[in-house]
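Beneath this line is the structure, given in structure tokens, with notes to follow.
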Amino acid sequence: MYEAFAEEYAVHAEGGAYNALYDRPAVLGLAGDVSGKTVLDAACGPGFYAAELLRRGARVIGCDQSPTFVELARDRSGGRADLRVHDLSEPLDWVPDGSVDLVLMALAVHYLDDQVALLRELRRVLAPGGALVLSTEHPMTAWLRLGGSYFAEEPVEESLNDEADWPVRMWRRPLTSIVAQFREAGFLIEELLEPRPVPAMAERFPADYARLEECPAFIAFRLVPAPAR
């Protein structure tokens, strides 16, 4: 979906309120200390997370369905990350079992039709003691924007940007269903975060800061594999 506007999105996301000053600080905070760890950046986009993970001492592998995103991410990471074009609806057959210390997936899980299958695949590649950190749209935000029943579970087609034609297709689901999918895929929630905007947003994007101080736009989780029964 992003391929048609990948370069525009990369410019927008680099310093944008919701990306640079909201989602990235939250997700990287949940990731914790990554020095010396192998991190899979699933749906790496234009490489903002990959570059920061490398800066923090991680070994980074990653993928995205958009060839343009992958090229941008390779450039941004200086060729130090193993990044490739891959559709996350397909198995990660190039990643061995138990080979990854951390999976990071920012604002991407809601695009997948079979999210449980993806989550199970991410669980497969995690090493013992590993974790999955992911963010997605907060279901309350989706309900406020789209209306209807908060409990609706359905794909929605809309533009990612009110000021540009960036068409995407994503799933809206209530929090109960999101959590049930984690459980079905074999994960437990170690931490749930409804992010607050960083103080710098108040100066650069005061309207966005005020809005996010009243209602979260995204929700983030740190998940760990459930013990075998």
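Please note that chains go A, B, ... in the order of the structure tokens, that every chain numbers its residues from 1, and that ligands are numbered from 1 in the order shown.
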Q: May I have all residues of range 46-211 of chain A that DSSP, computed from the backbone, assigns to strand (DSSP E or B), given as a PyMOL selection string?
A: chain A and resi 59-64+82-85+100-106+126-137+154-159+167-172+187-193
Q: Excluding range 94-97 of chain A and any residue of its chain fewer than 3 positions from it, enumerate the residues within 9 Å of it, using only C-alpha atoms, and give them as a PyMOL selection string.
A: chain A and resi 91+100+123-127
Q | Neighbour list for Pro227 in chain A as a ChimeraX atom specification, cut-off 10 Å, only C-alpha atoms, skip fewer than 2 positions in-chain | A | /A:186-188,224-225,229
Please identify every residue of range 58-145 of chain A that has at least one atom no farther than 6 Å from an atom of range 203-222 of chain A, counting only C-alpha atoms, and for each give the shortest atom pair and the distance in Å to one decimal, arranged by chain then increasing number, as JSON lines.
```
{"residue": "A:Leu132", "atom": "CA", "partner": "A:Arg222", "partner_atom": "CA", "distance": 5.7}
{"residue": "A:Val133", "atom": "CA", "partner": "A:Arg222", "partner_atom": "CA", "distance": 4.5}
{"residue": "A:Leu134", "atom": "CA", "partner": "A:Phe221", "partner_atom": "CA", "distance": 5.5}
{"residue": "A:Ser135", "atom": "CA", "partner": "A:Ala220", "partner_atom": "CA", "distance": 4.1}
{"residue": "A:Thr136", "atom": "CA", "partner": "A:Phe218", "partner_atom": "CA", "distance": 5.6}
{"residue": "A:Glu137", "atom": "CA", "partner": "A:Phe218", "partner_atom": "CA", "distance": 4.3}
{"residue": "A:His138", "atom": "CA", "partner": "A:Phe218", "partner_atom": "CA", "distance": 4.3}
{"residue": "A:Thr141", "atom": "CA", "partner": "A:Ala217", "partner_atom": "CA", "distance": 5.6}
```
Q. Closest to Val116 in chain A among A:Leu144, A:Arg56, A:Val198, A:Glu184, using only C-alpha atoms?
A.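 Among A:Leu144, A:Arg56, A:Val198, A:Glu184, it is A:Glu184 that comes nearest to Val116 in chain A.
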Q | Selection near Glu71 in chain A, 9 Å with only C-alpha atoms, sequence-local residues under 3 positions removed, as JSON, numbers by chain | A | {"A": [46, 47, 66, 67, 68, 74, 75, 76, 83, 84]}
Q | Atom-to-atom span, CA of Asp165 in chain A and CA of Glu7 in chain A, Å | A |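 Computed distance, CA of Asp165 in chain A to CA of Glu7 in chain A, equals 13.4 Å.
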(Q) When DSSP is applied to the backbone of this structure, which of range 46-223 of chain A are assigned helix (DSSP H, G or I)? Write them out as a PyMOL selection string. (A) chain A and resi 48-55+67-76+109-111+115-125+139-146+175-184+199-204+206-214
Q: With a distance cut-off of 9 Å and only C-alpha atoms, select the neighbouring residues of Ala73 in chain A, excluding the residue or stretch itself and same-chain residues fewer than 6 positions from it, and output the selection as a PyMOL selection string.
A: chain A and resi 44-48+50-51+79+81+83
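Each of A:Phe151, A:Arg55, A:Phe69, A:Gln181 was compared to Ala10 in chain A using only C-alpha atoms, and A:Phe69 turns out to be the nearest.
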(Q) Nearest residue to Asp64 in chain A out of A:Leu118, A:Pro25, A:Gly148, A:Ala108, using only C-alpha atoms? (A)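 Checking each candidate against Asp64 in chain A, we get A:Ala108 as the closest.
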(Q) So that I can check the surroundings of Leu112 in chain A, please list as number ranges by chain every protein, DNA and RNA residue that reaches within 12 Å of it, counting only C-alpha atoms and ignoring chain neighbours fewer than 5 positions away. (A) A: 1, 43, 65, 87-90, 107, 117-119, 136, 154-156, 168-172
Q.
So the first atom is CA of Tyr18 in chain A and the second is CA of Lys37 in chain A; what is the distance between them in Å, to one decimal place?
A.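 These atoms are spaced 27.0 Å apart.
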Q) Near Pro167 in chain A, within 8 Å and counting only C-alpha atoms, which residues show up once chain neighbours fewer than 3 positions away are dropped, as a list in words? A) Met1, Glu157, Glu158, Ser159 and Leu160 of chain A
